[in-house]
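Undergrad: The file below is target30.json, JSON, C-alpha atoms (C1' of nucleotides):
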[["chain", "number", "residue", "atom", "x", "y", "z"],
["A", 1, "MET", "CA", -102.18, 116.91, 59.26],
["A", 2, "ARG", "CA", -103.80, 118.54, 62.26],
["A", 3, "GLY", "CA", -106.91, 120.50, 61.52],
["A", 4, "ASP", "CA", -107.36, 118.97, 58.08],
["A", 5, "LEU", "CA", -111.12, 119.00, 58.03],
["A", 6, "ARG", "CA", -111.30, 118.22, 54.33],
["A", 7, "ARG", "CA", -109.29, 115.08, 54.87],
["A", 8, "LEU", "CA", -111.60, 114.03, 57.68],
["A", 9, "TYR", "CA", -114.52, 114.59, 55.31],
["A", 10, "ARG", "CA", -113.03, 112.27, 52.69],
["A", 11, "LYS", "CA", -112.33, 109.61, 55.30],
["A", 12, "LEU", "CA", -115.80, 109.72, 56.81],
["A", 13, "LEU", "CA", -117.32, 109.57, 53.34],
["A", 14, "GLY", "CA", -115.16, 106.59, 52.48],
["A", 15, "ARG", "CA", -116.07, 104.80, 55.70],
["A", 16, "TYR", "CA", -119.80, 105.44, 55.88],
["A", 17, "GLY", "CA", -120.80, 106.45, 52.37],
["A", 18, "SER", "CA", -123.23, 109.22, 51.48],
["A", 19, "GLN", "CA", -125.85, 109.73, 54.20],
["A", 20, "GLY", "CA", -128.58, 111.27, 52.06],
["A", 21, "TRP", "CA", -129.65, 113.76, 54.71],
["A", 22, "TRP", "CA", -131.93, 115.20, 56.13],
["A", 23, "PRO", "CA", -134.19, 112.21, 56.98],
["A", 24, "ALA", "CA", -137.63, 113.58, 56.04],
["A", 25, "ARG", "CA", -140.34, 112.98, 53.46],
["A", 26, "SER", "CA", -140.62, 116.63, 52.47],
["A", 27, "ALA", "CA", -138.81, 119.92, 52.91],
["A", 28, "PHE", "CA", -141.44, 121.14, 55.35],
["A", 29, "GLU", "CA", -141.20, 117.95, 57.39],
["A", 30, "MET", "CA", -137.44, 118.61, 57.53],
["A", 31, "THR", "CA", -138.02, 121.99, 59.15],
["A", 32, "VAL", "CA", -140.43, 120.47, 61.65],
["A", 33, "GLY", "CA", -137.80, 117.89, 62.57],
["A", 34, "ALA", "CA", -135.22, 120.64, 63.02],
["A", 35, "ILE", "CA", -137.37, 122.33, 65.65],
["A", 36, "LEU", "CA", -138.43, 119.10, 67.36],
["A", 37, "THR", "CA", -134.89, 117.75, 67.67],
["A", 38, "GLN", "CA", -133.70, 120.67, 69.80],
["A", 39, "ASN", "CA", -131.92, 119.00, 72.72],
["A", 40, "THR", "CA", -133.94, 115.85, 72.10],
["A", 41, "ALA", "CA", -133.16, 112.28, 71.04],
["A", 42, "TRP", "CA", -134.04, 111.66, 67.39],
["A", 43, "LEU", "CA", -136.10, 108.56, 68.18],
["A", 44, "ASN", "CA", -138.54, 110.74, 70.12],
["A", 45, "VAL", "CA", -138.64, 113.23, 67.27],
["A", 46, "GLU", "CA", -139.69, 110.43, 64.91],
["A", 47, "ARG", "CA", -142.55, 109.54, 67.22],
["A", 48, "ALA", "CA", -143.73, 113.14, 67.31],
["A", 49, "ILE", "CA", -143.49, 113.52, 63.53],
["A", 50, "GLY", "CA", -145.42, 110.28, 63.11],
["A", 51, "GLY", "CA", -148.18, 111.69, 65.28],
["A", 52, "LEU", "CA", -148.30, 114.92, 63.31],
["A", 53, "ARG", "CA", -148.43, 112.97, 60.05],
["A", 54, "ARG", "CA", -151.25, 110.66, 61.15],
["A", 55, "ALA", "CA", -153.25, 113.66, 62.31],
["A", 56, "GLY", "CA", -152.64, 115.43, 59.00],
["A", 57, "TYR", "CA", -150.67, 118.41, 60.27],
["A", 58, "LEU", "CA", -147.50, 118.07, 58.20],
["A", 59, "SER", "CA", -148.20, 120.95, 55.85],
["A", 60, "PRO", "CA", -147.53, 124.65, 56.53],
["A", 61, "GLU", "CA", -151.18, 125.54, 55.95],
["A", 62, "ARG", "CA", -152.64, 122.89, 58.25],
["A", 63, "MET", "CA", -150.05, 123.43, 60.97],
["A", 64, "SER", "CA", -150.42, 127.21, 60.97],
["A", 65, "ARG", "CA", -154.14, 126.82, 61.64],
["A", 66, "ALA", "CA", -153.78, 124.18, 64.33],
["A", 67, "ARG", "CA", -154.52, 124.94, 67.97],
["A", 68, "ALA", "CA", -151.51, 125.09, 70.28],
["A", 69, "ALA", "CA", -153.03, 122.49, 72.62],
["A", 70, "THR", "CA", -153.53, 120.07, 69.71],
["A", 71, "LEU", "CA", -149.93, 120.43, 68.53],
["A", 72, "ALA", "CA", -148.67, 120.10, 72.08],
["A", 73, "ARG", "CA", -150.50, 116.79, 72.49],
["A", 74, "LEU", "CA", -149.14, 115.47, 69.19],
["A", 75, "VAL", "CA", -145.49, 116.42, 69.78],
["A", 76, "ARG", "CA", -145.52, 115.28, 73.41],
["A", 77, "PRO", "CA", -142.98, 112.44, 72.90],
["A", 78, "ALA", "CA", -140.35, 114.97, 71.77],
["A", 79, "GLY", "CA", -140.37, 116.78, 75.11],
["A", 80, "TYR", "CA", -140.71, 120.55, 75.78],
["A", 81, "PHE", "CA", -144.06, 120.07, 74.10],
["A", 82, "ASN", "CA", -145.60, 123.43, 75.04],
["A", 83, "GLN", "CA", -142.60, 125.38, 73.77],
["A", 84, "LYS", "CA", -142.30, 123.30, 70.64],
["A", 85, "ALA", "CA", -146.01, 123.58, 69.83],
["A", 86, "ALA", "CA", -145.71, 127.36, 69.96],
["A", 87, "ARG", "CA", -142.52, 127.29, 67.89],
["A", 88, "LEU", "CA", -144.06, 125.10, 65.21],
["A", 89, "ARG", "CA", -147.09, 127.33, 65.03],
["A", 90, "GLY", "CA", -145.01, 130.49, 64.81],
["A", 91, "TRP", "CA", -142.73, 129.05, 62.15],
["A", 92, "SER", "CA", -145.51, 127.62, 59.96],
["A", 93, "LYS", "CA", -147.51, 130.83, 60.18],
["A", 94, "PHE", "CA", -144.45, 132.86, 59.23],
["A", 95, "LEU", "CA", -143.74, 130.52, 56.32],
["A", 96, "VAL", "CA", -147.25, 130.82, 54.91],
["A", 97, "ASP", "CA", -147.68, 134.55, 55.54],
["A", 98, "GLU", "CA", -144.20, 135.89, 54.77],
["A", 99, "TRP", "CA", -142.36, 133.46, 52.51],
["A", 100, "GLY", "CA", -145.34, 131.81, 50.88],
["A", 101, "SER", "CA", -143.51, 128.50, 50.60],
["A", 102, "LEU", "CA", -140.08, 126.95, 50.92],
["A", 103, "ALA", "CA", -139.88, 126.65, 47.13],
["A", 104, "ARG", "CA", -140.36, 130.41, 46.75],
["A", 105, "ALA", "CA", -137.85, 131.16, 49.52],
["A", 106, "LYS", "CA", -135.20, 129.15, 47.70],
["A", 107, "ARG", "CA", -134.76, 131.94, 45.16],
["A", 108, "ARG", "CA", -133.71, 134.42, 47.83],
["A", 109, "ARG", "CA", -130.27, 135.08, 49.34],
["A", 110, "ALA", "CA", -129.12, 132.92, 52.25],
["A", 111, "GLY", "CA", -128.08, 135.90, 54.37],
["A", 112, "GLU", "CA", -131.51, 137.50, 54.23],
["A", 113, "LEU", "CA", -133.31, 134.25, 54.90],
["A", 114, "ARG", "CA", -131.02, 133.57, 57.86],
["A", 115, "SER", "CA", -131.73, 136.92, 59.53],
["A", 116, "GLU", "CA", -135.45, 136.40, 59.17],
["A", 117, "LEU", "CA", -135.24, 132.89, 60.61],
["A", 118, "LEU", "CA", -133.20, 134.08, 63.59],
["A", 119, "ALA", "CA", -135.80, 136.74, 64.35],
["A", 120, "LEU", "CA", -138.38, 134.01, 65.01],
["A", 121, "LYS", "CA", -138.96, 132.72, 68.54],
["A", 122, "GLY", "CA", -137.50, 129.27, 68.90],
["A", 123, "ILE", "CA", -135.20, 129.34, 65.87],
["A", 124, "GLY", "CA", -131.59, 129.85, 66.91],
["A", 125, "PRO", "CA", -128.41, 129.55, 64.83],
["A", 126, "GLU", "CA", -128.32, 125.76, 64.52],
["A", 127, "THR", "CA", -131.98, 125.36, 63.64],
["A", 128, "ALA", "CA", -131.74, 128.23, 61.14],
["A", 129, "ASP", "CA", -128.67, 126.75, 59.46],
["A", 130, "SER", "CA", -130.26, 123.29, 59.31],
["A", 131, "ILE", "CA", -133.24, 124.74, 57.49],
["A", 132, "LEU", "CA", -131.00, 126.79, 55.17],
["A", 133, "CYS", "CA", -128.84, 123.80, 54.30],
["A", 134, "TYR", "CA", -131.31, 120.91, 54.07],
["A", 135, "ALA", "CA", -134.66, 122.52, 53.23],
["A", 136, "LEU", "CA", -133.43, 125.43, 51.13],
["A", 137, "GLY", "CA", -130.24, 124.00, 49.61],
["A", 138, "LYS", "CA", -127.98, 126.87, 50.72],
["A", 139, "PRO", "CA", -124.22, 126.32, 51.18],
["A", 140, "VAL", "CA", -124.21, 126.56, 54.98],
["A", 141, "PHE", "CA", -122.47, 124.31, 57.49],
["A", 142, "VAL", "CA", -124.47, 123.25, 60.54],
["A", 143, "VAL", "CA", -122.59, 123.25, 63.86],
["A", 144, "ASP", "CA", -124.08, 120.99, 66.51],
["A", 145, "ALA", "CA", -123.03, 119.30, 69.75],
["A", 146, "TYR", "CA", -121.56, 116.36, 67.81],
["A", 147, "THR", "CA", -119.43, 118.67, 65.68],
["A", 148, "ARG", "CA", -118.04, 120.37, 68.77],
["A", 149, "ARG", "CA", -117.38, 117.06, 70.52],
["A", 150, "ILE", "CA", -115.55, 115.38, 67.64],
["A", 151, "LEU", "CA", -113.47, 118.38, 66.62],
["A", 152, "SER", "CA", -112.49, 119.16, 70.20],
["A", 153, "ARG", "CA", -111.50, 115.53, 70.88],
["A", 154, "LEU", "CA", -109.33, 115.70, 67.80],
["A", 155, "GLY", "CA", -107.70, 118.73, 69.41],
["A", 156, "TRP", "CA", -108.60, 121.00, 66.52],
["A", 157, "ILE", "CA", -110.83, 123.36, 68.50],
["A", 158, "SER", "CA", -111.37, 124.09, 72.19],
["A", 159, "GLY", "CA", -115.08, 123.41, 71.88],
["A", 160, "ASP", "CA", -116.46, 126.50, 73.59],
["A", 161, "GLU", "CA", -116.10, 128.88, 70.65],
["A", 162, "PRO", "CA", -119.15, 130.95, 69.72],
["A", 163, "TYR", "CA", -121.44, 129.29, 67.18],
["A", 164, "ASP", "CA", -120.68, 131.61, 64.27],
["A", 165, "ASP", "CA", -116.93, 131.34, 64.81],
["A", 166, "LEU", "CA", -117.09, 127.56, 64.49],
["A", 167, "ARG", "CA", -119.34, 127.73, 61.46],
["A", 168, "ALA", "CA", -116.90, 130.06, 59.69],
["A", 169, "TRP", "CA", -114.00, 127.85, 60.77],
["A", 170, "CYS", "CA", -115.60, 124.80, 59.20],
["A", 171, "GLU", "CA", -116.91, 126.49, 56.07],
["A", 172, "SER", "CA", -113.47, 127.91, 55.28],
["A", 173, "ARG", "CA", -111.97, 124.41, 55.39],
["A", 174, "LEU", "CA", -114.59, 122.47, 53.42],
["A", 175, "PRO", "CA", -115.80, 122.38, 49.81],
["A", 176, "ALA", "CA", -118.19, 125.27, 49.19],
["A", 177, "GLU", "CA", -121.01, 123.18, 47.71],
["A", 178, "SER", "CA", -124.15, 122.91, 49.83],
["A", 179, "GLY", "CA", -124.25, 119.19, 49.16],
["A", 180, "ASP", "CA", -120.80, 118.70, 50.62],
["A", 181, "LEU", "CA", -121.47, 120.85, 53.69],
["A", 182, "GLY", "CA", -124.69, 118.99, 54.40],
["A", 183, "GLU", "CA", -123.01, 115.67, 53.81],
["A", 184, "MET", "CA", -120.19, 116.51, 56.22],
["A", 185, "HIS", "CA", -122.58, 117.42, 59.00],
["A", 186, "ALA", "CA", -124.54, 114.22, 58.43],
["A", 187, "LEU", "CA", -121.33, 112.17, 58.54],
["A", 188, "LEU", "CA", -120.25, 113.79, 61.82],
["A", 189, "VAL", "CA", -123.62, 112.88, 63.34],
["A", 190, "ARG", "CA", -123.37, 109.34, 62.01],
["A", 191, "HIS", "CA", -119.87, 108.87, 63.41],
["A", 192, "ALA", "CA", -120.67, 110.45, 66.76],
["A", 193, "LYS", "CA", -123.77, 108.33, 67.28],
["A", 194, "GLU", "CA", -121.75, 105.17, 66.73],
["A", 195, "HIS", "CA", -118.45, 106.00, 68.40],
["A", 196, "CYS", "CA", -118.38, 109.29, 70.23],
["A", 197, "ARG", "CA", -120.39, 109.26, 73.46],
["A", 198, "LYS", "CA", -120.38, 112.23, 75.76],
["A", 199, "ARG", "CA", -118.83, 110.06, 78.46],
["A", 200, "PRO", "CA", -115.77, 108.54, 76.82],
["A", 201, "VAL", "CA", -115.52, 104.79, 77.17],
["A", 202, "CYS", "CA", -111.82, 104.85, 77.92],
["A", 203, "ASP", "CA", -110.16, 107.19, 80.43],
["A", 204, "GLY", "CA", -107.48, 108.58, 78.17],
["A", 205, "CYS", "CA", -109.88, 109.24, 75.34],
["A", 206, "VAL", "CA", -110.13, 112.99, 75.52],
["A", 207, "ALA", "CA", -106.56, 113.71, 76.57],
["A", 208, "ALA", "CA", -104.85, 111.27, 74.25],
["A", 209, "ARG", "CA", -107.14, 111.90, 71.29],
["A", 210, "SER", "CA", -106.34, 108.38, 70.30],
["A", 211, "CYS", "CA", -109.39, 106.20, 70.77],
["A", 212, "GLU", "CA", -112.03, 105.23, 68.32],
["A", 213, "CYS", "CA", -114.41, 108.05, 69.11],
["A", 214, "ALA", "CA", -112.22, 110.54, 67.33],
["A", 215, "GLY", "CA", -108.71, 109.53, 66.43],
["A", 216, "ALA", "CA", -109.41, 106.32, 64.55],
["A", 217, "VAL", "CA", -110.91, 107.98, 61.56],
["A", 218, "VAL", "CA", -108.12, 110.46, 60.98],
["A", 219, "SER", "CA", -105.32, 108.06, 61.79],
["A", 220, "GLU", "CA", -106.44, 105.43, 59.29],
["A", 221, "GLY", "CA", -104.16, 105.19, 56.32],
["A", 222, "GLY", "CA", -104.80, 107.38, 53.28],
["B", 1, "DA", "C1'", -131.88, 106.56, 90.36],
["B", 2, "DC", "C1'", -129.22, 108.61, 87.59],
["B", 3, "DC", "C1'", -127.26, 110.71, 82.79],
["B", 4, "DC", "C1'", -128.19, 111.86, 78.23],
["B", 5, "DA", "C1'", -130.27, 113.48, 73.71],
["B", 6, "DG", "C1'", -128.66, 116.55, 66.37],
["B", 7, "DG", "C1'", -131.06, 123.92, 71.39],
["B", 8, "DG", "C1'", -133.20, 128.24, 72.54],
["B", 9, "DT", "C1'", -134.93, 131.97, 75.58],
["B", 10, "DC", "C1'", -134.77, 134.85, 79.29],
["B", 11, "DA", "C1'", -133.05, 137.08, 83.51],
["B", 12, "DT", "C1'", -129.15, 138.46, 85.75],
["B", 13, "DA", "C1'", -124.28, 140.39, 86.61],
["C", 1, "DT", "C1'", -120.44, 138.76, 76.92],
["C", 2, "DA", "C1'", -121.28, 135.12, 79.76],
["C", 3, "DT", "C1'", -123.31, 132.11, 82.91],
["C", 4, "DG", "C1'", -127.64, 129.72, 84.99],
["C", 5, "DA", "C1'", -132.54, 128.35, 85.25],
["C", 6, "DC", "C1'", -135.92, 126.63, 82.61],
["C", 7, "DC", "C1'", -138.31, 123.79, 79.23],
["C", 8, "DA", "C1'", -139.87, 117.67, 79.50],
["C", 9, "DT", "C1'", -140.06, 113.10, 77.23],
["C", 10, "DG", "C1'", -138.07, 108.46, 76.74],
["C", 11, "DG", "C1'", -133.81, 105.23, 76.36],
["C", 12, "DG", "C1'", -129.82, 103.19, 78.48]]
Give the structure from the file, written as structure tokens.

TA:
Amino acid sequence: MRGDLRRLYRKLLGRYGSQGWWPARSAFEMTVGAILTQNTAWLNVERAIGGLRRAGYLSPERMSRARAATLARLVRPAGYFNQKAARLRGWSKFLVDEWGSLARAKRRRAGELRSELLALKGIGPETADSILCYALGKPVFVVDAYTRRILSRLGWISGDEPYDDLRAWCESRLPAESGDLGEMHALLVRHAKEHCRKRPVCDGCVAARSCECAGAVVSEGG
DNA sequence: ACCCAGGGTCATA
DNA sequence: TATGACCATGGG
């Protein structure tokens, strides 16, 4: 079945098991990781989060009062440190001043929360959806580079569709529960990190859609 | 010495 | 609406 995203979900879940995402010790730490991981290897994000934790800045109140130069020094390993320091400050200040807390924001509608997130500097569609899904428990699917790569190598999408088109495409083909949507995204990341490099290992990989990086999972029996 | 990593903003056409 | 420059560290 071509384009059977739900079937791919079941297969990934069977192969890897539940991923228990997002990797973070608190909902606020999750949102910090979402900003820090923008175009950045996760290992470097962990280093930056470790620095913020040791310095005591992993709460909205402390972070919103921190100086930009201090945050920039602490998140240095994650790259783009000046931009990210400003983004973290803007986000934490907004959270404290406008939403009060993530727990309070949970009671509000996803659509409203999403518009307000997108209005912030440094929070684009993927970062906003990550926060909605994993910190706020909303039924939203997160589209990232791994999602595009896997689905396009399977031949199900071209890969250059606008973000919101792909999100709608995925959400319409998956279970509507927020837990399932978050789990699916986590599984795609897990699979891509292990098997689906940007530069395919074998020449025919992309054209044939038959090598391990994409085809193996859907062609397994079941 | 390359290429790459769980993006986003801004200027330009 | 759609490209391109820019942001920057660390691993392979």

Undergrad: Please check the contacts: residues of chain A at most 8 Å away from chain B, using only C-alpha atoms (C1' of nucleotides), listed as a list in words.

TA: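 Listed by rising number, the hits are Thr37, Gln38, Asn39, Thr40, Ala41, Trp42, Gly122, Ile123, Gly124, Glu126, Thr127, Asp144, Ala145, Tyr146 and Val189 of chain A.
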
Undergrad: Give as an NGL selection string every residue of chain C that touches chain A within 8 Å, counting all atoms listed in the file.

TA: :C and (7-10)

Undergrad: Starting from the point (-121.3, 130.9, 67.4), work out which residues of protein, DNA or RNA have an atom no more than 12 Å away when counting only C-alpha atoms (C1' of nucleotides); state them as a PDB file with C-alpha atoms, keeping the file's coordinate frame.

TA:
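Result went into result_14.pdb, see below:
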ATOM      1  CA  GLY A 124    -131.590 129.850  66.910  1.00  0.00           C
ATOM      2  CA  PRO A 125    -128.410 129.550  64.830  1.00  0.00           C
ATOM      3  CA  GLU A 126    -128.320 125.760  64.520  1.00  0.00           C
ATOM      4  CA  ASP A 129    -128.670 126.750  59.460  1.00  0.00           C
ATOM      5  CA  PHE A 141    -122.470 124.310  57.490  1.00  0.00           C
ATOM      6  CA  VAL A 142    -124.470 123.250  60.540  1.00  0.00           C
ATOM      7  CA  VAL A 143    -122.590 123.250  63.860  1.00  0.00           C
ATOM      8  CA  ASP A 144    -124.080 120.990  66.510  1.00  0.00           C
ATOM      9  CA  ALA A 145    -123.030 119.300  69.750  1.00  0.00           C
ATOM     10  CA  ARG A 148    -118.040 120.370  68.770  1.00  0.00           C
ATOM     11  CA  GLY A 159    -115.080 123.410  71.880  1.00  0.00           C
ATOM     12  CA  ASP A 160    -116.460 126.500  73.590  1.00  0.00           C
ATOM     13  CA  GLU A 161    -116.100 128.880  70.650  1.00  0.00           C
ATOM     14  CA  PRO A 162    -119.150 130.950  69.720  1.00  0.00           C
ATOM     15  CA  TYR A 163    -121.440 129.290  67.180  1.00  0.00           C
ATOM     16  CA  ASP A 164    -120.680 131.610  64.270  1.00  0.00           C
ATOM     17  CA  ASP A 165    -116.930 131.340  64.810  1.00  0.00           C
ATOM     18  CA  LEU A 166    -117.090 127.560  64.490  1.00  0.00           C
ATOM     19  CA  ARG A 167    -119.340 127.730  61.460  1.00  0.00           C
ATOM     20  CA  ALA A 168    -116.900 130.060  59.690  1.00  0.00           C
ATOM     21  CA  TRP A 169    -114.000 127.850  60.770  1.00  0.00           C
ATOM     22  CA  CYS A 170    -115.600 124.800  59.200  1.00  0.00           C
TER      23      CYS A 170
END

Undergrad: Report, in Å to a single decimal, how far apart CA of Leu187 (chain A) and CA of Ser18 (chain A) are.

TA: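 Going from CA of Ser18 (chain A) over to CA of Leu187 (chain A), I get 7.9 Å.
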
Undergrad: Can you tell me which residues surround Trp91 (chain A) at a distance of at most 12 Å, considering only C-alpha atoms (C1' of nucleotides), apart from same-chain residues fewer than 2 positions away, and format the answer as a PyMOL selection string?

TA: chain A and resi 28+31-32+34-35+59-61+63-65+84-89+93-102+116-123+127-128+131
